[in-house]
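Chemist: Quick one: structure below, then a few questions.
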Amino acid sequence: MSSPFESYDDLDDADERLQAADPAERRVAIIALGHSGDPAAVGHLANMVSDPDAGVRQQVAMALGEFDGPEAASALVKLLVDPERIVASAAADGMAEFKDPACADVILPLVRHAHAFVRMGALRALKELRRKDTLKPALEALQDTDAAVRVQAIGVIGFLKLEESIPALTALIHDPDAHVRRAAVSALAFSQMKPAAETITRALKDDDWMVREMAAETLGLNVNGSLAADQLIATLADQFWQVRLKAIRSLGKMKIERAVRPIGNGINHEQANLRKEAAAALGEIADPEGEAYLAVVANDPDPDVRKNARWALQQIAARKARAGS
Amino acid sequence: MALDQIVDGLSEVSCDVLVIGGGTAGPMAALKAKLRNPKANVVLLEKANVKRSGAISMGMDGLNNAVIPGYATPEQYTKEITIANDGIVDQKAVYKYAQNCYKIIEELDSFGIRFLKNENGDYAVKKVHHIGTYVLPMPNGETVKKALYRQLRRARILISNRYMATRLLKSADGRIAGAISVNTRTAEMLVIKAKAVILCMGAAGRLGLPTSGYMFGTYENAANSGDGYAMAYHAGAALANLECFQINPLIKDYNGPACAYVAGPFGAYTANNEGSRFIECDYWSGQMMLEFYNELLSGKGPVFLQLKHLHPDTISEIESTLHKVERPTRGLFQQRRGVDYRSESIEMHISEIGFCSGHSASGVFVDDNARTTVPGLYAAGDMASVPHNYMLGAFTNGSVAGIDAMEFADSHDFAEFDASEVAMERERVMAPTTREDGIPPNQIEYKTRRLVNDYLQPPKVTRKYELGMRRLAEVRQDMQDRMIARNAHELLRALEVQSIMDCADMAAHASLYREESRWGLYHWRTDFPEKDNENWFCHTLLSKRDGRMSSEKRAVEPYVVPIADDEKDLYDKQRIRASA
Amino acid sequence: MPLASYETSVPVVVDDAKCIADKGCTVCVDVCPLDVLRISDMTGKAYIAYDECWYCMPCEADCPTGAVTVNIPYLLR
């Protein structure tokens, strides 16, 4: 009987197998190296990045993605600039799982590469590495002509959570692409400074509903979000219920008492999701004035609405009891 | 060589910690055990292949029970699980999970597993339940197994694929001594001596028969045939609350959820034929399933997942997760039927029954250190009794088990077992291969599972259960005397059906023991329709005593997170009664 | 009792022209949780040997050459 265990000797005849004339045989050898988990496999794989067969190079990219660190990164960087899209895509996906900040050294130069796909892949990988020296190139990438690149650059900047990047993120509120504006609004959530909250607030009036939705949600996550209470209340008239829903949630989360009446007035909306959110928000705010509105939905046909209304009434009762004692 | 030809062979290896099952909890247990003592030998034994085995073979679309600072507290989570499980919870293990799981998320993140993040790098936690906020989506969650596997290789864990464990070995004084296994492609047997053993063998998912009639169209990975439950039983370990079945809401005919945790944060919901929500219960539980079941049968049925009120862009975003992660054939299934989420609601149904603590509470009894009642034997994941623990619970409790088991191994020597046990087990395992003529395993299995559906599926009726047990006993006799296996692969199925039969018997025995109704649909006994806290506010433990199944009560441990009456009340008021 | 075998349509389709099992690849056979795939002695290509498929997809997703297609089993289509 042979050993019952998986082998850890994958590298023994690797060089020979990697030089097989048949590209399919080379692929098989590469798969084994990728699964080996042995860091010494990276060197063997790195020798294969110029293989004449695109399928083999794609396999090399996938195998390298099983490793981390500068050596794997420098090999993947060569595959990210591969003319074949299948190879470049595999390289981009592999890089996105890197966690070793040292990988950034070899990835950084690609942020200025001629091809948008390469710039995008490089920025996507840099995001998780959270290295301070990636801020400057990422800020420059905000001027990129390709919107998808700008979105990834926002991620790099947002993950770093540095206040100095707020003006650059703020400027993106006028970006022609809605995805970019949406990402910028989300990234601004971390800032402790008022200008960021003001920018998010302005996005409540964006032309695109998904940007407005993101702005309404993000104000609930930002420390200065309550400064925008009046604008959030005005958002309760947005033509998209999805946007109104996030505004209600944020107002509830921030316990904005003056929102009770406008939220309550909309509690009978035909969309059940909205009634449910309104009831929940009135509970979070727990102002006794909310009781009258909650009575309207106490026997709502939707059990989720009733459930939230019951919970909300209990919150109000608890607050009254605390005030009384 | 003929396909899966049987080879005669028996060999023996030894290790410090043996982990059986390489799905979710198992890899984490093996990794943690090895990191605890890098000099020790850790073996990870797997019936399939660790690369793609278990409940998350194609990854997972999100965490359902993430307790993340700023969104939920361990106290709050412990309360929710206690109430969702009708109070029958040893809170210490749940609380420990809740305290540790965030650390595990961070660790999984460091492995390269991708969770949804906002553009500022924070986890994008979503609110689905109306009190706590626990859902963390994983739209790129298809890489989970890949990331785990490379951690195992890096730590040089001894991985044994395509070995099915069949029985545990113990010493005369009752301590764990190892396990016996069989190669699923050659039928060669392998004895593994171990100082500590961790069972991570998943749910008993091949118990009921799916309504499609396709035996392998189960909700759980069909490889999860309840081998761990059967092995723990035969080793004398106690199994808790097996009457608390797993039953899940599914897309009709398809084995995947629709899935409320993916689509829910975007505003989708489960609705009846009138397009209205009907579920009163907040947390995924037996109560929720009872409401689902009642609605299916009511004049307002059947039940649908409703997305068509959402914006087309939102639906595209939902599809990109639903059709890529966890159950990627879902898109193909809908496409063949011409179902477009934008214009049509998705018909839903309920799954077959099974045991699975991941979604309910039926599992091998463990304490907050993942220890079973057998010294040196541990259990984690879907087969251990920590309730509602899902994927993150499997990782977190697997981690607990790995560390504790290595500490046990470090302070104990190998226990001696009786060599005749191996010989007897070899005879039992190989028996179906010795017959010239008989019944193939697939027919034994079909009949067993058809009887499970006919007689054991809730609502549970005492007389039906008695009849069902009689029928099952007849099939068991056929299985023991007449089942044949003509090659190693068929032998694998023959061994699995023996686990399935044991689980069916345990499901019946445990259900008859608890003379009340509890956990909604999971344990709805029509001849004891009320919850009886006076007599049955307790766990039930099933174990093998003198070769027979035996059940006993066990008190619920005092709560570490007290629950005020008005909090219980809040949930109780949201409930509809079984009789309503 | 005597045994008979009966025909059944199986969900996994392998494109022999793309399959490189004859070059030593065993990826799909390795990853299948139900262990239903085998490599044919005659063609050297992978095929589904047992009608016990959970249609879970690792064989299709992990195939290096895109040779494997998983369909929904007929009984539940």
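Identifiers for the structure tokens are assigned positionally: chains receive A, B, ... in sequence, residues are indexed from 1 per chain, and ligands are indexed from 1 in the order shown.
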Residues of chain A were defined as contacting chain C if any atom lay at most 10 Å from it, counting only C-alpha atoms; please report them as a list of chain:residue names.
Modeler: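 Selected residues: A:Asp22, A:Pro23, A:Ala24, A:Glu25, A:Arg26, A:Arg27, A:Val28, A:Ala29, A:Ile31, A:Ala32, A:Gly55, A:Val56, A:Gln58, A:Gln59, A:Met62.
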Chemist: Taking N, CA and C atoms for each residue, export the selection above as a PDB file, in the first residue's frame.
Modeler:
```
ATOM      1  N   ASP A  22       4.820  19.063 -24.561  1.00  0.00           N
ATOM      2  CA  ASP A  22       3.367  19.217 -24.679  1.00  0.00           C
ATOM      3  C   ASP A  22       2.862  20.254 -23.659  1.00  0.00           C
ATOM      4  N   PRO A  23       2.225  21.332 -24.137  1.00  0.00           N
ATOM      5  CA  PRO A  23       1.752  22.358 -23.192  1.00  0.00           C
ATOM      6  C   PRO A  23       0.793  21.785 -22.138  1.00  0.00           C
ATOM      7  N   ALA A  24      -0.009  20.776 -22.503  1.00  0.00           N
ATOM      8  CA  ALA A  24      -0.932  20.186 -21.527  1.00  0.00           C
ATOM      9  C   ALA A  24      -0.167  19.555 -20.370  1.00  0.00           C
ATOM     10  N   GLU A  25       0.965  18.941 -20.694  1.00  0.00           N
ATOM     11  CA  GLU A  25       1.777  18.337 -19.625  1.00  0.00           C
ATOM     12  C   GLU A  25       2.399  19.422 -18.748  1.00  0.00           C
ATOM     13  N   ARG A  26       2.765  20.532 -19.359  1.00  0.00           N
ATOM     14  CA  ARG A  26       3.314  21.638 -18.553  1.00  0.00           C
ATOM     15  C   ARG A  26       2.229  22.161 -17.598  1.00  0.00           C
ATOM     16  N   ARG A  27       1.015  22.250 -18.124  1.00  0.00           N
ATOM     17  CA  ARG A  27      -0.105  22.713 -17.287  1.00  0.00           C
ATOM     18  C   ARG A  27      -0.274  21.823 -16.079  1.00  0.00           C
ATOM     19  N   VAL A  28      -0.241  20.526 -16.301  1.00  0.00           N
ATOM     20  CA  VAL A  28      -0.435  19.577 -15.203  1.00  0.00           C
ATOM     21  C   VAL A  28       0.646  19.794 -14.135  1.00  0.00           C
ATOM     22  N   ALA A  29       1.874  20.006 -14.592  1.00  0.00           N
ATOM     23  CA  ALA A  29       2.972  20.226 -13.642  1.00  0.00           C
ATOM     24  C   ALA A  29       2.755  21.524 -12.854  1.00  0.00           C
ATOM     25  N   ILE A  31      -0.130  22.996 -12.158  1.00  0.00           N
ATOM     26  CA  ILE A  31      -1.223  22.807 -11.183  1.00  0.00           C
ATOM     27  C   ILE A  31      -0.663  22.194  -9.898  1.00  0.00           C
ATOM     28  N   ALA A  32       0.187  21.185 -10.054  1.00  0.00           N
ATOM     29  CA  ALA A  32       0.769  20.524  -8.875  1.00  0.00           C
ATOM     30  C   ALA A  32       1.591  21.509  -8.047  1.00  0.00           C
ATOM     31  N   GLY A  55      -2.493  29.381 -22.510  1.00  0.00           N
ATOM     32  CA  GLY A  55      -3.156  28.560 -21.497  1.00  0.00           C
ATOM     33  C   GLY A  55      -2.204  28.207 -20.361  1.00  0.00           C
ATOM     34  N   VAL A  56      -0.964  27.941 -20.715  1.00  0.00           N
ATOM     35  CA  VAL A  56       0.037  27.626 -19.699  1.00  0.00           C
ATOM     36  C   VAL A  56       0.302  28.858 -18.841  1.00  0.00           C
ATOM     37  N   GLN A  58      -1.739  31.272 -18.258  1.00  0.00           N
ATOM     38  CA  GLN A  58      -2.926  31.458 -17.409  1.00  0.00           C
ATOM     39  C   GLN A  58      -2.821  30.553 -16.173  1.00  0.00           C
ATOM     40  N   GLN A  59      -2.391  29.316 -16.396  1.00  0.00           N
ATOM     41  CA  GLN A  59      -2.240  28.371 -15.293  1.00  0.00           C
ATOM     42  C   GLN A  59      -1.171  28.841 -14.314  1.00  0.00           C
ATOM     43  N   MET A  62      -2.663  31.511 -12.135  1.00  0.00           N
ATOM     44  CA  MET A  62      -3.527  30.950 -11.092  1.00  0.00           C
ATOM     45  C   MET A  62      -2.685  30.303  -9.998  1.00  0.00           C
TER      46      MET A  62
END
```
Chemist: Residues of chain B were defined as contacting chain A if any atom lay at most 6 Å from it, counting only C-alpha atoms; please report them as a list in words.
Modeler: Gly112, Glu119, Asn120, Gly121, Arg150, Arg153, Arg154, Leu158, Ile159, Ser160, Arg277, Phe278 and Glu280 of chain B
Chemist: With a distance threshold of 12 Å and counting only C-alpha atoms, extract the residues of chain C near chain B and express them as number ranges by chain.
Modeler: C: 1-5, 8, 10-11, 27-42, 49-62, 69-77
Chemist: Quick one: pick out all helix (DSSP H, G or I) residues within chain C from a backbone DSSP run and write them as a list of chain:residue names.
Modeler: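 Selection result, helix (DSSP H, G or I) within chain C: C:Ala21, C:Asp22, C:Lys23, C:Val27, C:Cys28, C:Val29, C:Asp30, C:Val31, C:Pro58, C:Cys59, C:Glu60, C:Ala61, C:Asp62, C:Tyr74, C:Leu75, C:Leu76.
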Chemist: Can you pull out every residue from chain C that DSSP, working from the backbone, puts in strand (DSSP E), and format the result as a PyMOL selection string?
Modeler: chain C and resi 12-14+37-39+46-48+68-70
Chemist: Store the residues picked out above in a file with C-alpha atoms, as a PDB file, in the first residue's frame.
Modeler:
```
ATOM      1  CA  VAL C  12     -21.720  15.932 -16.395  1.00  0.00           C
ATOM      2  CA  VAL C  13     -20.493  16.291 -19.975  1.00  0.00           C
ATOM      3  CA  VAL C  14     -16.784  16.231 -20.844  1.00  0.00           C
ATOM      4  CA  LEU C  37     -15.789  10.950 -12.143  1.00  0.00           C
ATOM      5  CA  ARG C  38     -13.226   8.591 -13.576  1.00  0.00           C
ATOM      6  CA  ILE C  39     -10.724   8.542 -16.413  1.00  0.00           C
ATOM      7  CA  ALA C  46     -12.581  11.972 -17.955  1.00  0.00           C
ATOM      8  CA  TYR C  47     -16.212  10.890 -17.767  1.00  0.00           C
ATOM      9  CA  ILE C  48     -18.984  10.522 -15.211  1.00  0.00           C
ATOM     10  CA  VAL C  68     -16.311  20.019 -18.214  1.00  0.00           C
ATOM     11  CA  THR C  69     -19.959  21.116 -18.269  1.00  0.00           C
ATOM     12  CA  VAL C  70     -22.347  20.381 -15.409  1.00  0.00           C
TER      13      VAL C  70
END
```
Chemist: So that I can check the surroundings of A:Ala295, please list as a ChimeraX atom specification every protein, DNA and RNA residue that reaches within 9 Å of it, counting only C-alpha atoms and ignoring chain neighbours fewer than 5 positions away.
Modeler: /A:290,309,313
Chemist: Taking C-alpha atoms for each residue, export the selection above as a PDB file, in the first residue's frame.
Modeler:
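Writing done, so here's selection-v1.pdb:
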```
ATOM      1  CA  GLY A 290     -43.967  58.233  17.463  1.00  0.00           C
ATOM      2  CA  ALA A 309     -44.023  48.421  15.227  1.00  0.00           C
ATOM      3  CA  LEU A 313     -43.677  50.729  20.911  1.00  0.00           C
TER       4      LEU A 313
END
```
Chemist: Which residues are close to A:Leu219, i.e. within 8 Å by only C-alpha atoms, leaving aside same-chain residues fewer than 4 positions away? Reply as a list in words.
Modeler: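 Using only C-alpha atoms, the neighbours found are Ala189, Ala197, Ile200, Thr201, Ala215, Asn224, Gly225, Ser226, Ala228 and Ser250 of chain A.
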